[in-house]
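Peer 1: This is target_28.txt, which holds compact mmCIF, C-alpha atoms:
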# COMPACT_ATOMS: atom_id res chain seq x y z
CA ASN A 201 4.95 2.60 13.20
CA ARG A 202 4.41 0.13 10.37
CA ALA A 203 2.53 -2.45 12.43
CA GLU A 204 0.00 0.12 13.66
CA THR A 205 -0.53 1.47 10.14
CA ALA A 206 -0.95 -2.07 8.81
CA ALA A 207 -3.56 -2.84 11.48
CA LYS A 208 -5.48 0.34 10.57
CA ILE A 209 -5.46 -0.61 6.88
CA ALA A 210 -6.41 -4.24 7.54
CA SER A 211 -9.35 -3.16 9.68
CA ASN A 212 -10.79 -1.03 6.87
CA PRO A 213 -9.52 -2.43 3.55
CA SER A 214 -12.28 -0.80 1.49
CA ASP A 215 -10.53 2.56 1.96
CA TYR A 216 -7.32 1.33 0.28
CA LYS A 217 -5.94 -0.47 -2.76
CA VAL A 218 -2.65 -2.13 -3.71
CA CYS A 219 -0.51 -0.80 -6.54
CA GLU A 220 0.12 -3.52 -9.10
CA GLY A 221 3.40 -1.85 -10.09
CA CYS A 222 5.21 -1.74 -6.76
CA ASP A 223 2.85 -3.36 -4.21
CA SER A 224 2.44 -0.14 -2.21
CA ILE A 225 -0.83 0.46 -0.41
CA VAL A 226 -2.53 3.71 -1.33
CA GLY A 227 -5.84 5.41 -0.58
CA LYS A 228 -8.81 4.34 -2.67
CA SER A 229 -9.03 7.75 -4.38
CA THR A 230 -5.43 7.60 -5.65
CA ALA A 231 -5.26 7.66 -9.45
CA ILE A 232 -1.48 7.34 -9.93
CA CYS A 233 0.88 5.65 -7.48
CA PRO A 234 3.11 8.26 -5.83
CA ASN A 235 5.98 5.77 -5.63
CA CYS A 236 6.16 4.16 -9.08
CA HIS A 237 3.62 6.19 -11.12
CA SER A 238 1.59 3.13 -12.05
CA PHE A 239 -2.12 3.50 -12.64
CA ARG A 240 -3.13 -0.14 -12.11
CA PHE A 241 -4.46 -1.18 -8.71
CA ASP A 242 -6.06 -4.14 -6.97
CA SER A 243 -8.81 -3.05 -4.59
CA GLU A 244 -9.98 -6.51 -3.51
CA PRO A 245 -10.24 -6.44 0.31
CA HIS A 246 -8.38 -9.74 0.74
CA THR A 247 -5.47 -8.40 -1.34
CA VAL A 248 -5.30 -5.20 0.70
CA VAL A 249 -5.36 -7.09 4.00
CA SER A 250 -2.72 -9.60 2.85
CA GLN A 251 -0.40 -6.84 1.66
CA ALA A 252 -0.93 -4.80 4.85
CA VAL A 253 0.01 -7.80 6.99
CA LEU A 254 3.09 -8.48 4.84
CA LEU A 255 4.30 -4.87 4.88
CA GLY A 256 3.51 -4.42 8.57
CA ASN A 257 5.73 -7.33 9.53
CA ARG A 258 8.89 -6.29 7.72
CA GLU A 259 11.17 -3.29 7.53
CA GLN A 260 10.62 -0.66 4.86
CA ARG A 261 12.43 -1.52 1.62
CA SER A 262 11.12 1.13 -0.75
CA VAL A 263 12.23 4.72 -1.16
CA THR A 264 9.48 7.24 -0.49
CA ALA A 265 9.11 10.93 -1.37
CA GLU A 266 10.02 11.80 2.24
CA ASP A 267 13.32 9.92 1.84
CA LEU A 268 14.23 12.08 -1.12
CA GLY A 269 13.23 15.43 0.42
Any chance you could put this one into structure tokens?
Peer 2:
Amino acid sequence: NRAETAAKIASNPSDYKVCEGCDSIVGKSTAICPNCHSFRFDSEPHTVVSQAVLLGNREQRSVTAEDLG
């Protein structure tokens, strides 16, 4: 459930960061984005919360590893 996941992320943004390549939200220990292989991230809490709210309120648009498996 995207809305539930978004709420979890928004309530603890310091555990996450936003990929600057594809706007995915990843865990703070991620070194390379699993979706686009970028290594640039924005870990500002307000950015993480804004992106979580945006992604939680729309349908998935990106292809994930699970989609390909």
Peer 1: Can you list, as JSON, numbers by chain, every protein, DNA or RNA residue that comes within 12 Å of Glu259 (chain A) when you count all atoms listed in the file, leaving out same-chain residues fewer than 6 positions away?
Peer 2: {"A": [201, 202, 203]}
Peer 1: Interatomic distance between CA of Pro234 (chain A) and CA of Ala207 (chain A)?
Peer 2: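 About the pair CA of Pro234 (chain A) and CA of Ala207 (chain A): they are 21.6 Å apart.
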Peer 1: For a quick check of understanding, using all atoms listed in the file, which of A:Arg240, A:Val253, A:Asp223, A:Cys233 has the smallest distance to Lys208 (chain A)?
Peer 2: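 Of all the options, A:Val253 lies closest to Lys208 (chain A).
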Peer 1: Please check which residues have atoms at most 10 Å from (-0.1, -4.2, 2.1) in the file's coordinates, counting all atoms listed in the file, and write them as a short mmCIF file (atom, residue, chain, number, x, y, z; two decimals) with C-alpha atoms, in the frame of the given file.
Peer 2:
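Result saved to result_33.cif:
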data_model
loop_
_atom_site.label_atom_id
_atom_site.label_comp_id
_atom_site.auth_asym_id
_atom_site.auth_seq_id
_atom_site.Cartn_x
_atom_site.Cartn_y
_atom_site.Cartn_z
CA THR A 205 -0.53 1.47 10.14
CA ALA A 206 -0.95 -2.07 8.81
CA ILE A 209 -5.46 -0.61 6.88
CA ALA A 210 -6.41 -4.24 7.54
CA PRO A 213 -9.52 -2.43 3.55
CA TYR A 216 -7.32 1.33 0.28
CA LYS A 217 -5.94 -0.47 -2.76
CA VAL A 218 -2.65 -2.13 -3.71
CA CYS A 219 -0.51 -0.80 -6.54
CA ASP A 223 2.85 -3.36 -4.21
CA SER A 224 2.44 -0.14 -2.21
CA ILE A 225 -0.83 0.46 -0.41
CA VAL A 226 -2.53 3.71 -1.33
CA THR A 247 -5.47 -8.40 -1.34
CA VAL A 248 -5.30 -5.20 0.70
CA VAL A 249 -5.36 -7.09 4.00
CA SER A 250 -2.72 -9.60 2.85
CA GLN A 251 -0.40 -6.84 1.66
CA ALA A 252 -0.93 -4.80 4.85
CA VAL A 253 0.01 -7.80 6.99
CA LEU A 254 3.09 -8.48 4.84
CA LEU A 255 4.30 -4.87 4.88
CA GLY A 256 3.51 -4.42 8.57
CA ASN A 257 5.73 -7.33 9.53
#
Peer 1: From the options A:Glu244, A:His237, A:Cys222, A:Ser229, which residue's atoms come nearest to Arg261 (chain A), counting all atoms listed in the file?
Peer 2: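 The closest residue to Arg261 (chain A) is A:Cys222.
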Peer 1: Mind pulling up the distance from CA of Glu204 (chain A) to CA of Phe239 (chain A)?
Peer 2: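 Here the two named atoms are 26.6 Å from each other.
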Peer 1: Identify which of the residues A:Ser211, A:Glu220, A:Gly227, A:Glu266 lies closest to Phe241 (chain A), counting all atoms listed in the file when measuring atom-to-atom distances.
Peer 2: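 Checking each candidate against Phe241 (chain A), we get A:Glu220 as the closest.
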Peer 1: Give me, please, the distance in Å between CA of Leu268 (chain A) and CA of Lys228 (chain A), quoted to one decimal.
Peer 2: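 Between these atoms lies a distance of 24.4 Å.
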